[in-house]
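Structure record follows, encoded as structure tokens.
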Amino acid sequence: MELAIAIILGACALGAGTAMIAGIGPGIGEGYAVGKACEAIARQPESRSPVTTTMLMGCAVAETTGLYALIIAILLIFVAPGLMVNRLLDAVGR
Amino acid sequence: MTTTGSNASAPSLDGTGTDRNATASLHQPAVPAHRRSVMPWVWLCAMILTLLCGMAIKVLFVDSGEGISISGATIFWDSGLSGNSFLNLTVTESQVNSVLVILFIFFLCRFLTAGMSVRPGGARQIVAEWLVEKASGLVESNMGPAYYRFAPFIAGMMALSLFSSLSSLVGMYAPTSDINIVGGWAVVSFVLIIRSKMRAGVGNYLKGFTQPIWVLTPFNVIGEVATPVSMTFRHYGNVLSGAVISTMLYAALGALSGLVFGWIPVIGDAFPPVLQIGIPGILSLYFDLFSSGLQAFIFAMLTMLYVASGSES
């Protein structure tokens, strides 16, 4: 029984960590976007404020996939272990 | 609304030139001086009272738990009908805080606009006019002049999102870190987006799902539904991740100060966790101030862009 619960907890932690690999993608994408925005501002310093606004918008949209992974990780850490352990205890009948 | 417009169209109201006496006689008796001086402070007291009410609810009714815990919104009341998911109504901490934030914004607007005059008199009226001008300018530059009537809605949504996130600064549970609150706002935006897409006709809207080829219909439907879901997750995920990271750093600093100061012979065990003072505030600058403003701006901006582009296609 303890082994089963330990497997559940460990698998949830591993899954949360694996899900956050998705954080690499938005990091690279946003870094690329900010670099291009810096180039644009360096070329045309007077267009600073519209470029910054557009860049922040694009960064927020690019962040979405990372946030999906974050929500999966949060569910796996805070919600899933309790749910699964309860289901296990129900199945065993305690 | 703008003072530059009144300068050209109605110079007699501007208080310049020879009509100064006429302006004074027109506006001085309308609002008595004592009334103008009292009412703003009533609204200011109401604002502060709202914040104090939120803090009192937090202190009195929310079980803080032992040590540091990351938990969702406390449920204050539920209807007890947990079997039926439609009748299982609950009143949670985030709903109560959301209503308090709405009251706070209402009192703030009344505070800024109390005792307005045609000739801008005080700093409050100048701030209010600046806010209205900025909101209308933002809506006009992003959606076009035809959508001028959207400005109050967009400004209201932005203010609600901003002050909901900022309410964590006074210790309240931020309503935006609850998925249900942000999901409700996203549904409101989604209804507006669908309405602007249906302006060309319901048939055209439905035909748009089969657009390149009919095989792609399920993917188009998923893409349509993904809009409110991604708006919800973006806002709520940012605020919640900030809260979780701040709490984890707070716990880690407590443990670290126990390690660093624990060796002091007599008072070591009871030494206060001094490393928790100030250092989490640096992180709070990003997560509470910058991220709150950015997410409010992005939520309103995406609503504007989707609504404006929906009616174009």
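Identifiers in the structure tokens: chain A, B, ... in order shown; residue index from 1 per chain; ligand index from 1 in order shown.
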
Show me, as a tab-separated table, the residues of chain A having an atom within 12 Å of chain B, each with the closest atom pair and its distance in Å, using only C-alpha atoms.
```
residue	atom	partner	partner_atom	distance
A:Pro50	CA	B:Ser141	CA	11.1
A:Thr53	CA	B:Ile298	CA	9.6
A:Thr54	CA	B:Ile298	CA	10.4
A:Met55	CA	B:Ile298	CA	11.3
A:Leu56	CA	B:Ile298	CA	8.2
A:Met57	CA	B:Ile298	CA	6.4
A:Gly58	CA	B:Ile298	CA	9.7
A:Cys59	CA	B:Ile298	CA	10.1
A:Ala60	CA	B:Ile298	CA	7.3
A:Val61	CA	B:Arg234	CA	8.2
A:Ala62	CA	B:Arg234	CA	10.0
A:Glu63	CA	B:Arg234	CA	7.6
A:Thr64	CA	B:Arg234	CA	5.8
A:Thr65	CA	B:Ser230	CA	8.9
A:Gly66	CA	B:Arg234	CA	9.3
A:Leu67	CA	B:Gly237	CA	5.9
A:Tyr68	CA	B:Phe233	CA	7.0
A:Ala69	CA	B:Gly237	CA	9.8
A:Leu70	CA	B:Gly237	CA	7.3
A:Ile71	CA	B:Gly237	CA	6.6
A:Ile72	CA	B:Gly237	CA	10.4
A:Ala73	CA	B:Ser241	CA	10.7
A:Ile74	CA	B:Ser241	CA	8.8
A:Leu75	CA	B:Gly237	CA	11.6
A:Ile77	CA	B:Ile70	CA	11.0
A:Phe78	CA	B:Ser71	CA	8.5
A:Val79	CA	B:Ser71	CA	10.3
```

Write out, as a PDB file, in the first residue's frame, the residues just selected, with N, CA and C atoms.
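Produced file again.pdb, reproduced below:
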```pdb
ATOM      1  N   PRO A  50       5.414  51.817 -30.225  1.00  0.00           N
ATOM      2  CA  PRO A  50       4.605  50.782 -30.897  1.00  0.00           C
ATOM      3  C   PRO A  50       5.314  49.453 -30.989  1.00  0.00           C
ATOM      4  N   THR A  53       4.968  47.767 -27.600  1.00  0.00           N
ATOM      5  CA  THR A  53       3.610  47.259 -27.383  1.00  0.00           C
ATOM      6  C   THR A  53       3.382  45.974 -28.164  1.00  0.00           C
ATOM      7  N   THR A  54       3.774  45.991 -29.440  1.00  0.00           N
ATOM      8  CA  THR A  54       3.568  44.796 -30.268  1.00  0.00           C
ATOM      9  C   THR A  54       4.387  43.632 -29.740  1.00  0.00           C
ATOM     10  N   MET A  55       5.606  43.917 -29.281  1.00  0.00           N
ATOM     11  CA  MET A  55       6.458  42.848 -28.765  1.00  0.00           C
ATOM     12  C   MET A  55       5.848  42.216 -27.510  1.00  0.00           C
ATOM     13  N   LEU A  56       5.320  43.075 -26.602  1.00  0.00           N
ATOM     14  CA  LEU A  56       4.723  42.512 -25.386  1.00  0.00           C
ATOM     15  C   LEU A  56       3.505  41.673 -25.731  1.00  0.00           C
ATOM     16  N   MET A  57       2.703  42.134 -26.703  1.00  0.00           N
ATOM     17  CA  MET A  57       1.544  41.342 -27.133  1.00  0.00           C
ATOM     18  C   MET A  57       1.989  39.985 -27.670  1.00  0.00           C
ATOM     19  N   GLY A  58       3.002  40.012 -28.546  1.00  0.00           N
ATOM     20  CA  GLY A  58       3.472  38.758 -29.122  1.00  0.00           C
ATOM     21  C   GLY A  58       4.056  37.835 -28.081  1.00  0.00           C
ATOM     22  N   CYS A  59       4.776  38.418 -27.117  1.00  0.00           N
ATOM     23  CA  CYS A  59       5.342  37.595 -26.045  1.00  0.00           C
ATOM     24  C   CYS A  59       4.231  36.930 -25.247  1.00  0.00           C
ATOM     25  N   ALA A  60       3.165  37.695 -24.970  1.00  0.00           N
ATOM     26  CA  ALA A  60       2.068  37.126 -24.185  1.00  0.00           C
ATOM     27  C   ALA A  60       1.404  35.983 -24.932  1.00  0.00           C
ATOM     28  N   VAL A  61       1.285  36.125 -26.259  1.00  0.00           N
ATOM     29  CA  VAL A  61       0.651  35.042 -27.012  1.00  0.00           C
ATOM     30  C   VAL A  61       1.593  33.844 -27.094  1.00  0.00           C
ATOM     31  N   ALA A  62       2.895  34.108 -27.243  1.00  0.00           N
ATOM     32  CA  ALA A  62       3.848  33.005 -27.325  1.00  0.00           C
ATOM     33  C   ALA A  62       3.973  32.266 -26.005  1.00  0.00           C
ATOM     34  N   GLU A  63       3.633  32.966 -24.920  1.00  0.00           N
ATOM     35  CA  GLU A  63       3.746  32.370 -23.590  1.00  0.00           C
ATOM     36  C   GLU A  63       2.683  31.306 -23.346  1.00  0.00           C
ATOM     37  N   THR A  64       1.642  31.275 -24.188  1.00  0.00           N
ATOM     38  CA  THR A  64       0.469  30.461 -23.884  1.00  0.00           C
ATOM     39  C   THR A  64       0.816  28.986 -23.724  1.00  0.00           C
ATOM     40  N   THR A  65       1.650  28.456 -24.628  1.00  0.00           N
ATOM     41  CA  THR A  65       1.973  27.026 -24.532  1.00  0.00           C
ATOM     42  C   THR A  65       2.698  26.717 -23.230  1.00  0.00           C
ATOM     43  N   GLY A  66       3.591  27.628 -22.828  1.00  0.00           N
ATOM     44  CA  GLY A  66       4.275  27.435 -21.552  1.00  0.00           C
ATOM     45  C   GLY A  66       3.310  27.435 -20.390  1.00  0.00           C
ATOM     46  N   LEU A  67       2.258  28.304 -20.488  1.00  0.00           N
ATOM     47  CA  LEU A  67       1.300  28.360 -19.392  1.00  0.00           C
ATOM     48  C   LEU A  67       0.415  27.119 -19.366  1.00  0.00           C
ATOM     49  N   TYR A  68       0.125  26.543 -20.549  1.00  0.00           N
ATOM     50  CA  TYR A  68      -0.596  25.261 -20.551  1.00  0.00           C
ATOM     51  C   TYR A  68       0.202  24.226 -19.759  1.00  0.00           C
ATOM     52  N   ALA A  69       1.512  24.158 -20.040  1.00  0.00           N
ATOM     53  CA  ALA A  69       2.357  23.208 -19.319  1.00  0.00           C
ATOM     54  C   ALA A  69       2.376  23.513 -17.832  1.00  0.00           C
ATOM     55  N   LEU A  70       2.409  24.804 -17.502  1.00  0.00           N
ATOM     56  CA  LEU A  70       2.434  25.194 -16.089  1.00  0.00           C
ATOM     57  C   LEU A  70       1.172  24.736 -15.377  1.00  0.00           C
ATOM     58  N   ILE A  71       0.018  24.874 -16.051  1.00  0.00           N
ATOM     59  CA  ILE A  71      -1.237  24.481 -15.405  1.00  0.00           C
ATOM     60  C   ILE A  71      -1.281  22.966 -15.223  1.00  0.00           C
ATOM     61  N   ILE A  72      -0.778  22.225 -16.248  1.00  0.00           N
ATOM     62  CA  ILE A  72      -0.700  20.772 -16.086  1.00  0.00           C
ATOM     63  C   ILE A  72       0.182  20.421 -14.900  1.00  0.00           C
ATOM     64  N   ALA A  73       1.316  21.123 -14.768  1.00  0.00           N
ATOM     65  CA  ALA A  73       2.233  20.830 -13.666  1.00  0.00           C
ATOM     66  C   ALA A  73       1.590  21.146 -12.327  1.00  0.00           C
ATOM     67  N   ILE A  74       0.873  22.296 -12.254  1.00  0.00           N
ATOM     68  CA  ILE A  74       0.221  22.662 -10.993  1.00  0.00           C
ATOM     69  C   ILE A  74      -0.842  21.634 -10.633  1.00  0.00           C
ATOM     70  N   LEU A  75      -1.616  21.188 -11.636  1.00  0.00           N
ATOM     71  CA  LEU A  75      -2.625  20.160 -11.361  1.00  0.00           C
ATOM     72  C   LEU A  75      -1.962  18.883 -10.886  1.00  0.00           C
ATOM     73  N   ILE A  77       0.821  18.558  -9.286  1.00  0.00           N
ATOM     74  CA  ILE A  77       1.418  18.661  -7.960  1.00  0.00           C
ATOM     75  C   ILE A  77       0.344  18.783  -6.887  1.00  0.00           C
ATOM     76  N   PHE A  78      -0.665  19.662  -7.115  1.00  0.00           N
ATOM     77  CA  PHE A  78      -1.583  19.995  -6.031  1.00  0.00           C
ATOM     78  C   PHE A  78      -2.884  19.214  -6.061  1.00  0.00           C
ATOM     79  N   VAL A  79      -3.316  18.751  -7.228  1.00  0.00           N
ATOM     80  CA  VAL A  79      -4.648  18.146  -7.326  1.00  0.00           C
ATOM     81  C   VAL A  79      -4.570  16.640  -7.529  1.00  0.00           C
TER      82      VAL A  79
END
```

What does the structure give for the distance between CA of Ile102 in chain B and CA of Phe86 in chain B, in Å to one decimal?
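Computing it gives 25.6 Å between the two atoms.
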
From B:Thr227, B:Asn204, B:Asn142, B:Thr113, residue lying nearest Trp130 in chain B [only C-alpha atoms]
B:Thr113

Assign secondary structure with DSSP using the backbone only, and return the residues of range 22-148 of chain B in strand (DSSP E or B) as a ChimeraX atom specification.
/B:75-78,90-92

Please list as a compact mmCIF listing (two decimals) with N, CA and C atoms, in the first residue's frame every residue within 10 Å of Phe271 in chain B, counting only C-alpha atoms and excluding residues in the same chain fewer than 2 positions away.
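Output below, filename result13.txt:
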```
# COMPACT_ATOMS: atom_id res chain seq x y z
N SER B 257 17.00 31.19 6.72
CA SER B 257 17.37 31.99 7.89
C SER B 257 17.48 31.11 9.13
N GLY B 258 16.70 30.00 9.17
CA GLY B 258 16.89 29.05 10.25
C GLY B 258 18.27 28.40 10.20
N PHE B 261 21.04 31.40 11.03
CA PHE B 261 21.10 31.95 12.38
C PHE B 261 20.86 30.89 13.45
N GLY B 262 20.67 29.64 13.07
CA GLY B 262 20.34 28.61 14.04
C GLY B 262 21.48 28.26 14.97
N ILE B 264 23.43 30.26 16.62
CA ILE B 264 23.65 31.21 17.72
C ILE B 264 23.21 30.53 19.02
N VAL B 266 22.20 30.90 22.43
CA VAL B 266 21.05 30.99 23.32
C VAL B 266 19.76 31.25 22.55
N ILE B 267 19.82 32.29 21.70
CA ILE B 267 18.58 32.71 21.03
C ILE B 267 18.43 32.07 19.66
N GLY B 268 19.29 31.11 19.32
CA GLY B 268 19.30 30.58 17.97
C GLY B 268 17.98 29.96 17.55
N ASP B 269 17.35 29.19 18.45
CA ASP B 269 16.14 28.49 18.06
C ASP B 269 14.96 29.44 17.86
N PRO B 273 12.80 34.79 11.59
CA PRO B 273 13.29 34.59 10.21
C PRO B 273 13.49 35.92 9.51
N VAL B 274 14.62 36.57 9.80
CA VAL B 274 14.83 37.93 9.31
C VAL B 274 15.05 37.98 7.80
```

So what do you get for CA of Thr92 in chain B versus CA of Thr74 in chain B, distance-wise?
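That distance, rounded to one decimal, is 5.7 Å.
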
Between CA of Phe76 in chain B and CA of Gln95 in chain B lies a distance of 9.9 Å

Identify all residues of range 72-126 of chain B in alpha helix (DSSP H) (DSSP on the backbone) and supply them as JSON, numbers by chain.
{"B": [93, 94, 95, 96, 97, 98, 99, 100, 101, 102, 103, 104, 105, 106, 107, 108, 109, 110, 111, 112, 113, 123, 124, 125, 126]}

With C-alpha atoms kept, could you save the residues just selected as a PDB file, in the first residue's frame?
```pdb
ATOM      1  CA  GLU B  93     -13.378  34.055  -1.262  1.00  0.00           C
ATOM      2  CA  SER B  94     -12.558  35.063  -4.815  1.00  0.00           C
ATOM      3  CA  GLN B  95     -16.182  36.003  -5.551  1.00  0.00           C
ATOM      4  CA  VAL B  96     -16.393  38.125  -2.413  1.00  0.00           C
ATOM      5  CA  ASN B  97     -13.088  39.807  -3.220  1.00  0.00           C
ATOM      6  CA  SER B  98     -14.220  40.377  -6.789  1.00  0.00           C
ATOM      7  CA  VAL B  99     -17.325  42.221  -5.581  1.00  0.00           C
ATOM      8  CA  LEU B 100     -15.156  44.258  -3.211  1.00  0.00           C
ATOM      9  CA  VAL B 101     -12.856  45.198  -6.095  1.00  0.00           C
ATOM     10  CA  ILE B 102     -15.866  46.282  -8.165  1.00  0.00           C
ATOM     11  CA  LEU B 103     -17.043  48.460  -5.266  1.00  0.00           C
ATOM     12  CA  PHE B 104     -13.534  49.875  -4.926  1.00  0.00           C
ATOM     13  CA  ILE B 105     -13.444  50.854  -8.610  1.00  0.00           C
ATOM     14  CA  PHE B 106     -16.919  52.419  -8.337  1.00  0.00           C
ATOM     15  CA  PHE B 107     -15.858  54.508  -5.346  1.00  0.00           C
ATOM     16  CA  LEU B 108     -12.607  55.428  -7.117  1.00  0.00           C
ATOM     17  CA  CYS B 109     -14.550  56.693 -10.125  1.00  0.00           C
ATOM     18  CA  ARG B 110     -16.887  58.684  -7.891  1.00  0.00           C
ATOM     19  CA  PHE B 111     -13.876  60.067  -6.006  1.00  0.00           C
ATOM     20  CA  LEU B 112     -12.176  61.188  -9.218  1.00  0.00           C
ATOM     21  CA  THR B 113     -15.305  62.696 -10.751  1.00  0.00           C
ATOM     22  CA  ALA B 123      -5.982  67.346  -9.799  1.00  0.00           C
ATOM     23  CA  ARG B 124      -8.709  64.700  -9.504  1.00  0.00           C
ATOM     24  CA  GLN B 125     -10.578  65.921 -12.545  1.00  0.00           C
ATOM     25  CA  ILE B 126      -7.372  66.139 -14.554  1.00  0.00           C
TER      26      ILE B 126
END
```

Selection near Val92 in chain A, 12 Å with only C-alpha atoms, sequence-local residues under 5 positions removed, as a PDB file with N, CA and C atoms, in the first residue's frame:
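File written: result08.pdb
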```
ATOM      1  N   MET A   1       0.823  -1.211   0.000  1.00  0.00           N
ATOM      2  CA  MET A   1       0.000   0.000   0.000  1.00  0.00           C
ATOM      3  C   MET A   1       0.853   1.255   0.000  1.00  0.00           C
ATOM      4  N   ALA A   4       2.383   1.657  -3.320  1.00  0.00           N
ATOM      5  CA  ALA A   4       1.505   2.194  -4.362  1.00  0.00           C
ATOM      6  C   ALA A   4       1.380   3.708  -4.232  1.00  0.00           C
ATOM      7  N   VAL A  85      -4.810   9.074  -4.800  1.00  0.00           N
ATOM      8  CA  VAL A  85      -4.672   8.296  -3.568  1.00  0.00           C
ATOM      9  C   VAL A  85      -6.048   7.961  -3.008  1.00  0.00           C
ATOM     10  N   ASN A  86      -6.991   8.928  -3.086  1.00  0.00           N
ATOM     11  CA  ASN A  86      -8.352   8.656  -2.636  1.00  0.00           C
ATOM     12  C   ASN A  86      -8.978   7.525  -3.438  1.00  0.00           C
ATOM     13  N   ARG A  87      -8.747   7.575  -4.770  1.00  0.00           N
ATOM     14  CA  ARG A  87      -9.334   6.542  -5.625  1.00  0.00           C
ATOM     15  C   ARG A  87      -8.735   5.186  -5.292  1.00  0.00           C
TER      16      ARG A  87
END
```

Considering only C-alpha atoms, return as a short mmCIF file (atom, residue, chain, number, x, y, z; two decimals) with N, CA and C atoms, in the first residue's frame whatever protein or nucleic-acid residues lie within 9 Å of Ala135 in chain B, sequence-local ones (same chain, fewer than 5 positions apart) excluded.
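Output file around-v8.cif is given in full below:
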```cif
data_model
loop_
_atom_site.label_atom_id
_atom_site.label_comp_id
_atom_site.auth_asym_id
_atom_site.auth_seq_id
_atom_site.Cartn_x
_atom_site.Cartn_y
_atom_site.Cartn_z
N TRP B 130 -7.60 62.46 -18.01
CA TRP B 130 -6.46 61.78 -18.63
C TRP B 130 -6.78 60.31 -18.85
N GLU B 140 -9.54 53.64 -29.98
CA GLU B 140 -9.60 54.17 -31.34
C GLU B 140 -8.41 53.74 -32.17
N ALA B 151 -15.05 51.87 -25.68
CA ALA B 151 -14.07 52.39 -24.73
C ALA B 151 -14.46 52.17 -23.26
N PRO B 152 -15.71 52.44 -22.84
CA PRO B 152 -16.03 52.20 -21.43
C PRO B 152 -15.91 50.74 -21.03
N ILE B 154 -13.94 48.41 -22.43
CA ILE B 154 -12.54 48.02 -22.39
C ILE B 154 -11.86 48.59 -21.15
N ALA B 155 -12.15 49.87 -20.86
CA ALA B 155 -11.54 50.50 -19.70
C ALA B 155 -12.01 49.81 -18.42
#
```
